[in-house]
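**Student:** There's a structure below that I have some questions on.
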Amino acid sequence: MRATTLPVGFLPLVDAAPLIVADEMGFAAEEGLALDFLRGTSWASLRDALVHGQIRAAHMLAPMPIASALGIGGGNAQLAALSVLSVNGTVVGVSADLAARMRDQGHAFGFDDATAAGRALIEAADTPLRIGVPFPFSMHAELVYYWLSSLGLPSPQSLTVRTVPPPLMAEAIRAGEIDAFCVGEPWGTATVEGGVGELLLPGNAIWAFAPEKVLAARADWADEAPGLSARLVRSVWRAGRWLDASPANRSLAADLMSRPHYLNLAPELIERSLSGRIVVSRRGETRATPRLVGFHEGAAAFPWRSQAAWIGARIAARTGLDPMQAMAAAAGTFRSDLFRSALSTTGAVLPAASARIEGAMGTDRAVPADSGALTLCRDAFFDGAQFDPAFLDRT
């Protein structure tokens with residue numbers, strides 16, 4: 001049977017791994033698909049390619065379909081998150097000069113304490129703090145706003161937030177345009193390699209199980225071509241399972257992704273990010289970070305409607321939108337119904353509910369599942385807060 005060619009977009013980031021692996025390791029071919037990749041130059045260009053039909057699906061920042069549903073994300077088509085491609089995978093870093101000031105004030109750069117790191121950053125930084133993020137509506141931005149606001153720096157009011165494409169983050173630091181950044185790997189590590197920055201914190205120290213990237217499609221296409229979209233969902237789900245199955249698989253994935261038409265970086269740099277062994281400073285200091293990025297463990301690919309509602313609530317709080325309307329619209333973009341349907345023939349063990357109290361699990365926990373046994377990963381917020389979207393139907 002001849003494979004169906006499906007144009008798909010991505011940005012050169014480690015968390016594009018499930019899409020790349022799906023094609024390179026044959027998971028897409030098993031579903032009768034051949035992925036035709038468009039390597040984007042920015043998140044806006046990738047969104048526009050999706051909206052205008054140049055591609056059918058895309059590696060996308062989790063808040064982007066939500067912002068689109070709220071009428072503030074650009075484009076003129078509604079987008080759907082068919083699955084979560086990755087959880088976590090971001091890092092927070094600072095310029096070498098700011099890192100030196102923080103060290104002089106006694107910060108140890110332990111890479112695991114969001115409260116200590118945030119207080120040290122606020123104390124050492126000039127006001128307003130200039131911080132780079134890849135896109136205004138991104139988990140990077142939402143995590144930074146949430147983190148610093150919780151520690152007493154009103155955000156975004158007290159920040160100057162600048163949009164910087166991930167591959168250019170080191171250049172923005174070098175040019176003195178930003179003092180700090182939150183970016184997906186391996187571009188945080190690249191600032192260390194380039195001698196211009198140091199890493200302060202992994203994103204999972206702020207929220208332990210944050211949906212970082214999603215598999216996005218136009219909502220009308222997903223509903224009109226459910227068979228084709230389901231084949232793509234199954235392909236990337238199997239790729240994510242393979243990625244989380246063993247360190248050896250992630251090592252092979254690093255080699256695949258290093259190729260010029262994908263990330264065009266040294267395999268060693270990519271493997272560090274995938275393994276969680278992060279070099280945080282020019283002195284070669286290394287930090288081991290469990291679950292720096294996840295693709296499958298703990299139902300990582302499941303598009304929780306409650307995660308989308310949290311993002312909607314955060315966007316509403318800083319843009320003046322009605323919070324209940326924003327949360328409801330946001331929840332509708334994470335298509336757990338399509339995800340369940342796509343995986344119904346695979347034997348996948350899925351959560352019994354499609355919404356939950358976010359931040360409620362301080363440790364990994366066994367939960368009810370449609371069938372079989374399922375353990376979800378710790379999902380705590382650094383400040384102990386919980387988000388209960390009680391208005392959502394949990395089924």
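Ordering of the structure tokens sets the chain letters (A, B, ...); residue numbers start at 1 within each chain; ligands are numbered from 1 in the order shown.
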List the spatial neighbours of stretch 377-388 of chain A as a list in words - criterion: any atom at most 8 Å away, only C-alpha atoms, same-chain residues fewer than 2 positions off excluded.

**Tutor:**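 The contact residues come out as Ala114, Thr115, Ser150, Ala205, Ile206, Trp207, Ala208, Phe209, Ala210, Glu297, Gly298, Ser306, Trp310, Arg356, Ile357, Glu358, Gly359, Ala360, Met361, Gly362, Thr363, Asp364, Arg365, Thr375 and Ala390 of chain A.
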
**Student:** Would you mind writing down, as JSON, numbers by chain, each residue of stretch 286-353 of chain A that DSSP on the backbone assigns to alpha helix (DSSP H)?

**Tutor:** {"A": [305, 306, 307, 308, 309, 310, 311, 312, 313, 314, 315, 316, 317, 318, 319, 323, 324, 325, 326, 327, 328, 329, 330, 331, 336, 337, 338, 339, 340, 341, 342]}

**Student:** Could you tell me, as a PyMOL selection string, which residues of stretch 5-101 of chain A DSSP assigns to strand (DSSP E) when given the backbone?

**Tutor:** chain A and resi 5-10+33-39+57-61+79-88+90-95

**Student:** What lies within 7 Å of stretch 93-110 of chain A using only C-alpha atoms, ignoring chain neighbours under 2 positions off, as a list of chain:residue names?

**Tutor:**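 The contact residues come out as A:Val91, A:Asp112, A:Asp113, A:Ala120, A:Leu121, A:Ala124, A:Ala125, A:Ile173, A:Asp179, A:Ala180, A:Phe181, A:Cys182, A:Gly188, A:Val196, A:Gly197, A:Glu198, A:Leu199, A:Leu200, A:Leu201.
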
**Student:** From the list A:Thr286, A:Ser235, A:His52, A:Pro186, which residue is nearest A:Glu271 when using only C-alpha atoms?

**Tutor:**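 The closest residue to A:Glu271 is A:Pro186.
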
**Student:** Excluding same-chain residues fewer than 2 positions from A:Val144, what lies within 12 Å of it counting only C-alpha atoms, as an MDAnalysis selection string?

**Tutor:** chainID A and resid 90:93 114 118 121 129:133 136:142 146:151 153:156 158:161 180:183 201:207 314

**Student:** List the spatial neighbours of A:Pro18 as a count of residues only - criterion: any atom at most 8 Å away, only C-alpha atoms, same-chain residues fewer than 6 positions off excluded.

**Tutor:** 7

**Student:** Please provide as an mmCIF file with all heavy atoms, in the first residue's frame all residues within 10 Å of stretch 220-234 of chain A, with the sequence filter that same-chain residues fewer than 3 positions apart are discarded (counting only C-alpha atoms).

**Tutor:**
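Listing of part12.cif after writing:
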```cif
data_model
loop_
_atom_site.group_PDB
_atom_site.id
_atom_site.type_symbol
_atom_site.label_atom_id
_atom_site.label_comp_id
_atom_site.auth_asym_id
_atom_site.auth_seq_id
_atom_site.Cartn_x
_atom_site.Cartn_y
_atom_site.Cartn_z
ATOM 1 N N THR A 4 0.455 7.572 2.546
ATOM 2 C CA THR A 4 -0.111 8.907 2.408
ATOM 3 C C THR A 4 0.897 9.924 2.914
ATOM 4 O O THR A 4 1.361 9.831 4.058
ATOM 5 C CB THR A 4 -1.405 9.032 3.223
ATOM 6 O OG1 THR A 4 -2.365 8.085 2.742
ATOM 7 C CG2 THR A 4 -1.976 10.438 3.115
ATOM 8 N N LEU A 6 2.013 13.266 4.465
ATOM 9 C CA LEU A 6 1.379 14.236 5.349
ATOM 10 C C LEU A 6 2.391 15.324 5.685
ATOM 11 O O LEU A 6 3.402 15.074 6.338
ATOM 12 C CB LEU A 6 0.909 13.543 6.630
ATOM 13 C CG LEU A 6 -0.120 14.291 7.482
ATOM 14 C CD1 LEU A 6 -1.436 14.428 6.722
ATOM 15 C CD2 LEU A 6 -0.350 13.553 8.791
ATOM 16 N N LEU A 19 7.900 13.471 16.662
ATOM 17 C CA LEU A 19 7.606 13.563 15.234
ATOM 18 C C LEU A 19 8.747 13.001 14.396
ATOM 19 O O LEU A 19 8.531 12.233 13.455
ATOM 20 C CB LEU A 19 7.335 15.015 14.846
ATOM 21 C CG LEU A 19 5.920 15.537 15.086
ATOM 22 C CD1 LEU A 19 5.869 17.035 14.864
ATOM 23 C CD2 LEU A 19 4.926 14.830 14.172
ATOM 24 N N ALA A 22 8.992 9.266 14.875
ATOM 25 C CA ALA A 22 7.880 8.584 14.223
ATOM 26 C C ALA A 22 8.194 8.289 12.771
ATOM 27 O O ALA A 22 7.882 7.199 12.253
ATOM 28 C CB ALA A 22 6.615 9.424 14.329
ATOM 29 N N PHE A 27 7.424 4.285 12.700
ATOM 30 C CA PHE A 27 6.108 4.247 13.325
ATOM 31 C C PHE A 27 5.044 4.882 12.417
ATOM 32 O O PHE A 27 3.897 4.431 12.398
ATOM 33 C CB PHE A 27 6.147 4.952 14.685
ATOM 34 C CG PHE A 27 7.081 4.311 15.661
ATOM 35 C CD1 PHE A 27 8.228 4.964 16.088
ATOM 36 C CD2 PHE A 27 6.839 3.035 16.134
ATOM 37 C CE1 PHE A 27 9.100 4.374 16.979
ATOM 38 C CE2 PHE A 27 7.703 2.424 17.035
ATOM 39 C CZ PHE A 27 8.848 3.099 17.460
ATOM 40 N N ALA A 28 5.417 5.937 11.707
ATOM 41 C CA ALA A 28 4.487 6.542 10.759
ATOM 42 C C ALA A 28 4.216 5.587 9.600
ATOM 43 O O ALA A 28 3.058 5.438 9.161
ATOM 44 C CB ALA A 28 5.040 7.868 10.246
ATOM 45 N N ALA A 29 5.256 4.939 9.114
ATOM 46 C CA ALA A 29 5.078 3.996 8.001
ATOM 47 C C ALA A 29 4.135 2.861 8.377
ATOM 48 O O ALA A 29 3.348 2.388 7.537
ATOM 49 C CB ALA A 29 6.435 3.438 7.578
ATOM 50 N N GLU A 30 4.188 2.411 9.638
ATOM 51 C CA GLU A 30 3.271 1.365 10.090
ATOM 52 C C GLU A 30 1.820 1.807 9.990
ATOM 53 O O GLU A 30 0.917 0.969 9.864
ATOM 54 C CB GLU A 30 3.590 0.982 11.538
ATOM 55 C CG GLU A 30 4.899 0.225 11.715
ATOM 56 C CD GLU A 30 5.227 -0.002 13.177
ATOM 57 O OE1 GLU A 30 4.349 0.253 14.027
ATOM 58 O OE2 GLU A 30 6.345 -0.463 13.464
ATOM 59 N N GLU A 31 1.605 3.114 10.061
ATOM 60 C CA GLU A 31 0.261 3.660 9.931
ATOM 61 C C GLU A 31 -0.043 4.110 8.501
ATOM 62 O O GLU A 31 -1.061 4.762 8.257
ATOM 63 C CB GLU A 31 0.085 4.851 10.883
ATOM 64 C CG GLU A 31 0.075 4.477 12.348
ATOM 65 C CD GLU A 31 -1.207 3.754 12.759
ATOM 66 O OE1 GLU A 31 -2.204 3.847 12.015
ATOM 67 O OE2 GLU A 31 -1.207 3.108 13.821
ATOM 68 N N GLY A 32 0.846 3.781 7.567
ATOM 69 C CA GLY A 32 0.632 4.167 6.183
ATOM 70 C C GLY A 32 0.865 5.634 5.910
ATOM 71 O O GLY A 32 0.272 6.217 5.000
ATOM 72 N N LEU A 33 1.760 6.250 6.698
ATOM 73 C CA LEU A 33 2.051 7.670 6.551
ATOM 74 C C LEU A 33 3.512 7.894 6.190
ATOM 75 O O LEU A 33 4.392 7.162 6.650
ATOM 76 C CB LEU A 33 1.751 8.422 7.845
ATOM 77 C CG LEU A 33 0.310 8.451 8.356
ATOM 78 C CD1 LEU A 33 0.246 9.171 9.696
ATOM 79 C CD2 LEU A 33 -0.617 9.106 7.343
ATOM 80 N N ALA A 34 3.760 8.915 5.398
ATOM 81 C CA ALA A 34 5.107 9.434 5.156
ATOM 82 C C ALA A 34 5.085 10.902 5.542
ATOM 83 O O ALA A 34 4.332 11.695 4.940
ATOM 84 C CB ALA A 34 5.506 9.269 3.695
ATOM 85 N N LEU A 35 5.853 11.265 6.570
ATOM 86 C CA LEU A 35 5.830 12.649 7.046
ATOM 87 C C LEU A 35 6.767 13.500 6.207
ATOM 88 O O LEU A 35 7.941 13.185 6.042
ATOM 89 C CB LEU A 35 6.231 12.701 8.521
ATOM 90 C CG LEU A 35 5.388 11.836 9.471
ATOM 91 C CD1 LEU A 35 5.772 12.107 10.924
ATOM 92 C CD2 LEU A 35 3.899 12.042 9.261
ATOM 93 N N GLY A 53 -2.926 25.981 5.484
ATOM 94 C CA GLY A 53 -2.971 24.696 4.806
ATOM 95 C C GLY A 53 -1.689 24.228 4.166
ATOM 96 O O GLY A 53 -1.701 23.238 3.426
ATOM 97 N N ARG A 56 -0.380 20.019 7.569
ATOM 98 C CA ARG A 56 -1.585 19.488 8.185
ATOM 99 C C ARG A 56 -1.494 19.411 9.705
ATOM 100 O O ARG A 56 -2.512 19.377 10.386
ATOM 101 C CB ARG A 56 -1.890 18.093 7.621
ATOM 102 C CG ARG A 56 -2.477 18.105 6.231
ATOM 103 C CD ARG A 56 -3.777 18.892 6.203
ATOM 104 N NE ARG A 56 -4.476 18.774 4.932
ATOM 105 C CZ ARG A 56 -5.549 19.475 4.616
ATOM 106 N NH1 ARG A 56 -6.028 20.358 5.485
ATOM 107 N NH2 ARG A 56 -6.137 19.322 3.451
ATOM 108 N N ALA A 57 -0.302 19.344 10.228
ATOM 109 C CA ALA A 57 -0.111 19.247 11.678
ATOM 110 C C ALA A 57 1.232 19.876 12.016
ATOM 111 O O ALA A 57 2.088 20.048 11.142
ATOM 112 C CB ALA A 57 -0.153 17.798 12.144
ATOM 113 N N ALA A 77 -8.073 30.663 12.090
ATOM 114 C CA ALA A 77 -8.663 29.335 12.159
ATOM 115 C C ALA A 77 -8.485 28.777 13.564
ATOM 116 O O ALA A 77 -7.496 29.076 14.241
ATOM 117 C CB ALA A 77 -7.994 28.396 11.143
ATOM 118 N N GLN A 78 -9.457 27.999 14.005
ATOM 119 C CA GLN A 78 -9.361 27.359 15.313
ATOM 120 C C GLN A 78 -8.423 26.164 15.228
ATOM 121 O O GLN A 78 -8.477 25.371 14.279
ATOM 122 C CB GLN A 78 -10.742 26.918 15.787
ATOM 123 C CG GLN A 78 -11.689 28.081 16.059
ATOM 124 C CD GLN A 78 -11.161 29.000 17.155
ATOM 125 O OE1 GLN A 78 -10.958 28.584 18.286
ATOM 126 N NE2 GLN A 78 -10.934 30.264 16.803
ATOM 127 N N LEU A 79 -7.578 26.025 16.237
ATOM 128 C CA LEU A 79 -6.597 24.944 16.282
ATOM 129 C C LEU A 79 -6.957 23.970 17.399
ATOM 130 O O LEU A 79 -7.564 24.344 18.396
ATOM 131 C CB LEU A 79 -5.194 25.506 16.504
ATOM 132 C CG LEU A 79 -4.724 26.557 15.500
ATOM 133 C CD1 LEU A 79 -3.326 27.051 15.870
ATOM 134 C CD2 LEU A 79 -4.735 26.000 14.083
ATOM 135 N N ALA A 80 -6.553 22.733 17.217
ATOM 136 C CA ALA A 80 -6.803 21.692 18.205
ATOM 137 C C ALA A 80 -5.497 21.028 18.588
ATOM 138 O O ALA A 80 -4.623 20.814 17.738
ATOM 139 C CB ALA A 80 -7.768 20.642 17.645
ATOM 140 N N ALA A 81 -5.361 20.713 19.876
ATOM 141 C CA ALA A 81 -4.228 19.916 20.356
ATOM 142 C C ALA A 81 -4.672 18.466 20.366
ATOM 143 O O ALA A 81 -5.478 18.056 21.205
ATOM 144 C CB ALA A 81 -3.806 20.378 21.743
ATOM 145 N N LEU A 82 -4.154 17.675 19.428
ATOM 146 C CA LEU A 82 -4.558 16.279 19.298
ATOM 147 C C LEU A 82 -3.891 15.397 20.347
ATOM 148 O O LEU A 82 -4.442 14.368 20.739
ATOM 149 C CB LEU A 82 -4.217 15.762 17.897
ATOM 150 C CG LEU A 82 -4.778 16.565 16.730
ATOM 151 C CD1 LEU A 82 -4.384 15.910 15.413
ATOM 152 C CD2 LEU A 82 -6.288 16.702 16.833
ATOM 153 N N SER A 83 -2.700 15.767 20.754
ATOM 154 C CA SER A 83 -1.982 15.050 21.809
ATOM 155 C C SER A 83 -0.915 15.979 22.357
ATOM 156 O O SER A 83 -0.626 17.024 21.759
ATOM 157 C CB SER A 83 -1.339 13.761 21.287
ATOM 158 O OG SER A 83 -0.251 14.046 20.424
ATOM 159 N N VAL A 84 -0.353 15.621 23.487
ATOM 160 C CA VAL A 84 0.803 16.328 24.030
ATOM 161 C C VAL A 84 2.051 15.623 23.517
ATOM 162 O O VAL A 84 2.202 14.410 23.694
ATOM 163 C CB VAL A 84 0.768 16.352 25.567
ATOM 164 C CG1 VAL A 84 2.055 16.961 26.132
ATOM 165 C CG2 VAL A 84 -0.444 17.143 26.051
ATOM 166 N N LEU A 85 2.927 16.367 22.873
ATOM 167 C CA LEU A 85 4.170 15.778 22.363
ATOM 168 C C LEU A 85 5.214 15.629 23.456
ATOM 169 O O LEU A 85 6.016 14.690 23.436
ATOM 170 C CB LEU A 85 4.749 16.629 21.234
ATOM 171 C CG LEU A 85 4.040 16.583 19.890
ATOM 172 C CD1 LEU A 85 4.742 17.504 18.897
ATOM 173 C CD2 LEU A 85 3.967 15.162 19.340
ATOM 174 N N LEU A 215 0.808 18.305 19.623
ATOM 175 C CA LEU A 215 0.605 18.011 18.210
ATOM 176 C C LEU A 215 -0.653 18.766 17.804
ATOM 177 O O LEU A 215 -1.761 18.402 18.199
ATOM 178 C CB LEU A 215 0.432 16.509 17.995
ATOM 179 C CG LEU A 215 0.139 16.065 16.560
ATOM 180 C CD1 LEU A 215 1.329 16.358 15.641
ATOM 181 C CD2 LEU A 215 -0.219 14.582 16.521
ATOM 182 N N ALA A 216 -0.477 19.845 17.052
ATOM 183 C CA ALA A 216 -1.587 20.734 16.717
ATOM 184 C C ALA A 216 -2.033 20.536 15.282
ATOM 185 O O ALA A 216 -1.231 20.211 14.398
ATOM 186 C CB ALA A 216 -1.187 22.191 16.941
ATOM 187 N N ALA A 217 -3.315 20.741 15.058
ATOM 188 C CA ALA A 217 -3.891 20.689 13.720
ATOM 189 C C ALA A 217 -5.034 21.681 13.668
ATOM 190 O O ALA A 217 -5.523 22.145 14.708
ATOM 191 C CB ALA A 217 -4.398 19.285 13.394
ATOM 192 N N TRP A 237 2.494 8.764 19.311
ATOM 193 C CA TRP A 237 2.357 8.109 20.618
ATOM 194 C C TRP A 237 3.328 6.935 20.723
ATOM 195 O O TRP A 237 4.009 6.769 21.745
ATOM 196 C CB TRP A 237 0.923 7.641 20.822
ATOM 197 C CG TRP A 237 0.710 6.892 22.111
ATOM 198 C CD1 TRP A 237 0.548 7.434 23.351
ATOM 199 C CD2 TRP A 237 0.650 5.470 22.273
ATOM 200 N NE1 TRP A 237 0.390 6.434 24.291
ATOM 201 C CE2 TRP A 237 0.446 5.223 23.658
ATOM 202 C CE3 TRP A 237 0.748 4.394 21.401
ATOM 203 C CZ2 TRP A 237 0.334 3.926 24.174
ATOM 204 C CZ3 TRP A 237 0.634 3.106 21.909
ATOM 205 C CH2 TRP A 237 0.438 2.885 23.280
ATOM 206 N N ARG A 238 3.420 6.140 19.674
ATOM 207 C CA ARG A 238 4.370 5.011 19.682
ATOM 208 C C ARG A 238 5.811 5.523 19.724
ATOM 209 O O ARG A 238 6.667 4.929 20.372
ATOM 210 C CB ARG A 238 4.139 4.115 18.463
ATOM 211 C CG ARG A 238 2.831 3.333 18.517
ATOM 212 C CD ARG A 238 2.748 2.282 17.413
ATOM 213 N NE ARG A 238 1.567 1.456 17.569
ATOM 214 C CZ ARG A 238 0.438 1.601 16.861
ATOM 215 N NH1 ARG A 238 0.358 2.558 15.942
ATOM 216 N NH2 ARG A 238 -0.600 0.814 17.073
ATOM 217 N N ALA A 239 6.070 6.617 19.036
ATOM 218 C CA ALA A 239 7.419 7.196 19.069
ATOM 219 C C ALA A 239 7.764 7.676 20.473
ATOM 220 O O ALA A 239 8.884 7.476 20.963
ATOM 221 C CB ALA A 239 7.517 8.355 18.075
ATOM 222 N N GLY A 240 6.810 8.311 21.151
ATOM 223 C CA GLY A 240 7.048 8.752 22.525
ATOM 224 C C GLY A 240 7.293 7.582 23.457
ATOM 225 O O GLY A 240 8.165 7.647 24.335
ATOM 226 N N ALA A 301 1.512 11.932 27.066
ATOM 227 C CA ALA A 301 0.923 12.361 25.796
ATOM 228 C C ALA A 301 -0.556 12.724 25.914
ATOM 229 O O ALA A 301 -1.133 13.273 24.965
ATOM 230 C CB ALA A 301 1.087 11.265 24.743
ATOM 231 N N ARG A 335 -8.019 18.016 22.819
ATOM 232 C CA ARG A 335 -9.021 17.064 22.348
ATOM 233 C C ARG A 335 -8.774 15.659 22.889
ATOM 234 O O ARG A 335 -8.360 14.742 22.169
ATOM 235 C CB ARG A 335 -9.069 17.088 20.832
ATOM 236 C CG ARG A 335 -9.490 18.428 20.241
ATOM 237 C CD ARG A 335 -10.928 18.794 20.597
ATOM 238 N NE ARG A 335 -11.865 17.800 20.120
ATOM 239 C CZ ARG A 335 -12.405 17.801 18.900
ATOM 240 N NH1 ARG A 335 -12.111 18.785 18.053
ATOM 241 N NH2 ARG A 335 -13.251 16.865 18.542
ATOM 242 N N LEU A 338 -10.630 12.927 20.845
ATOM 243 C CA LEU A 338 -9.966 12.399 19.655
ATOM 244 C C LEU A 338 -8.776 11.518 20.029
ATOM 245 O O LEU A 338 -8.502 10.519 19.359
ATOM 246 C CB LEU A 338 -9.505 13.545 18.753
ATOM 247 C CG LEU A 338 -10.621 14.400 18.133
ATOM 248 C CD1 LEU A 338 -10.008 15.498 17.254
ATOM 249 C CD2 LEU A 338 -11.578 13.539 17.326
ATOM 250 N N PHE A 339 -8.061 11.886 21.087
ATOM 251 C CA PHE A 339 -6.925 11.093 21.539
ATOM 252 C C PHE A 339 -7.387 9.708 21.980
ATOM 253 O O PHE A 339 -6.792 8.689 21.593
ATOM 254 C CB PHE A 339 -6.229 11.814 22.690
ATOM 255 C CG PHE A 339 -4.957 11.164 23.157
ATOM 256 C CD1 PHE A 339 -3.763 11.390 22.492
ATOM 257 C CD2 PHE A 339 -4.957 10.324 24.262
ATOM 258 C CE1 PHE A 339 -2.581 10.796 22.922
ATOM 259 C CE2 PHE A 339 -3.784 9.721 24.701
ATOM 260 C CZ PHE A 339 -2.600 9.965 24.026
ATOM 261 N N ARG A 340 -8.453 9.648 22.763
ATOM 262 C CA ARG A 340 -8.966 8.353 23.214
ATOM 263 C C ARG A 340 -9.401 7.494 22.025
ATOM 264 O O ARG A 340 -9.121 6.295 21.959
ATOM 265 C CB ARG A 340 -10.149 8.557 24.163
ATOM 266 C CG ARG A 340 -9.788 9.128 25.518
ATOM 267 C CD ARG A 340 -11.025 9.210 26.411
ATOM 268 N NE ARG A 340 -10.754 9.902 27.658
ATOM 269 C CZ ARG A 340 -10.166 9.344 28.715
ATOM 270 N NH1 ARG A 340 -9.786 8.071 28.666
ATOM 271 N NH2 ARG A 340 -9.960 10.039 29.825
ATOM 272 N N SER A 341 -10.095 8.121 21.084
ATOM 273 C CA SER A 341 -10.557 7.385 19.912
ATOM 274 C C SER A 341 -9.385 6.846 19.096
ATOM 275 O O SER A 341 -9.405 5.690 18.647
ATOM 276 C CB SER A 341 -11.434 8.300 19.052
ATOM 277 O OG SER A 341 -11.855 7.647 17.877
ATOM 278 N N ALA A 342 -8.355 7.665 18.911
ATOM 279 C CA ALA A 342 -7.202 7.249 18.116
ATOM 280 C C ALA A 342 -6.491 6.052 18.723
ATOM 281 O O ALA A 342 -6.008 5.168 18.006
ATOM 282 C CB ALA A 342 -6.231 8.415 17.962
ATOM 283 N N LEU A 343 -6.412 6.002 20.056
ATOM 284 C CA LEU A 343 -5.658 4.944 20.723
ATOM 285 C C LEU A 343 -6.512 3.769 21.157
ATOM 286 O O LEU A 343 -6.020 2.841 21.810
ATOM 287 C CB LEU A 343 -4.917 5.519 21.934
ATOM 288 C CG LEU A 343 -3.835 6.553 21.627
ATOM 289 C CD1 LEU A 343 -3.078 6.922 22.886
ATOM 290 C CD2 LEU A 343 -2.870 6.056 20.565
ATOM 291 N N SER A 344 -7.783 3.778 20.784
ATOM 292 C CA SER A 344 -8.695 2.733 21.253
ATOM 293 C C SER A 344 -8.310 1.337 20.776
ATOM 294 O O SER A 344 -8.680 0.345 21.403
ATOM 295 C CB SER A 344 -10.123 3.056 20.804
ATOM 296 O OG SER A 344 -10.212 3.100 19.383
ATOM 297 N N THR A 345 -7.551 1.259 19.684
ATOM 298 C CA THR A 345 -7.169 -0.054 19.137
ATOM 299 C C THR A 345 -5.767 -0.489 19.552
ATOM 300 O O THR A 345 -5.310 -1.552 19.124
ATOM 301 C CB THR A 345 -7.237 -0.014 17.602
ATOM 302 O OG1 THR A 345 -6.315 0.982 17.120
ATOM 303 C CG2 THR A 345 -8.636 0.327 17.121
ATOM 304 N N THR A 346 -5.089 0.302 20.376
ATOM 305 C CA THR A 346 -3.677 0.030 20.678
ATOM 306 C C THR A 346 -3.448 -0.702 21.987
ATOM 307 O O THR A 346 -2.330 -1.147 22.243
ATOM 308 C CB THR A 346 -2.889 1.352 20.747
ATOM 309 O OG1 THR A 346 -3.368 2.122 21.863
ATOM 310 C CG2 THR A 346 -3.051 2.163 19.460
#
```

**Student:** Would you please work out which residue, of A:Met324, A:Leu38, A:Val14, A:Ala308, is nearest to A:Ile55 when using only C-alpha atoms?

**Tutor:**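 The shortest atom-to-atom distance to A:Ile55 comes from A:Leu38.
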
**Student:** Taking into account only C-alpha atoms, which residue in the set A:Ile122, A:Val279, A:Leu11, A:Ile178 is nearest to A:Arg162?

**Tutor:**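 With only C-alpha atoms as the atom set, the closest residue is A:Ile178.
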
**Student:** For atom CA of A:Gly184 and atom CA of A:Gly89, quote the distance in Å rounded to one decimal.

**Tutor:**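 Atom CA of A:Gly184 sits 5.8 Å away from atom CA of A:Gly89.
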
**Student:** What does the distance from atom CA of A:Thr333 to atom CA of A:Ala69 come to in Å, to one decimal?

**Tutor:**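 Separating atom CA of A:Thr333 from atom CA of A:Ala69 is a distance of 7.4 Å.
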
**Student:** Show me, as a list in words, the residues that have an atom within 8 Å of A:Ala366 when counting only C-alpha atoms, minus same-chain residues fewer than 6 positions from it.

**Tutor:**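 Final neighbour list, sorted by chain and number: Ala373, Leu374, Thr375 and Leu376 of chain A.
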
**Student:** Sort by chain and increasing residue number a table of all residues of stretch 108-203 of chain A within 8 Å of stretch 41-46 of chain A, each with its closest pair of atoms and their distance in Å to one decimal, counting only C-alpha atoms, and write it as a tab-separated table.

**Tutor:**
```
residue	atom	partner	partner_atom	distance
A:Pro134	CA	A:Trp43	CA	7.7
A:Phe135	CA	A:Trp43	CA	6.9
A:Pro165	CA	A:Ser42	CA	6.1
```
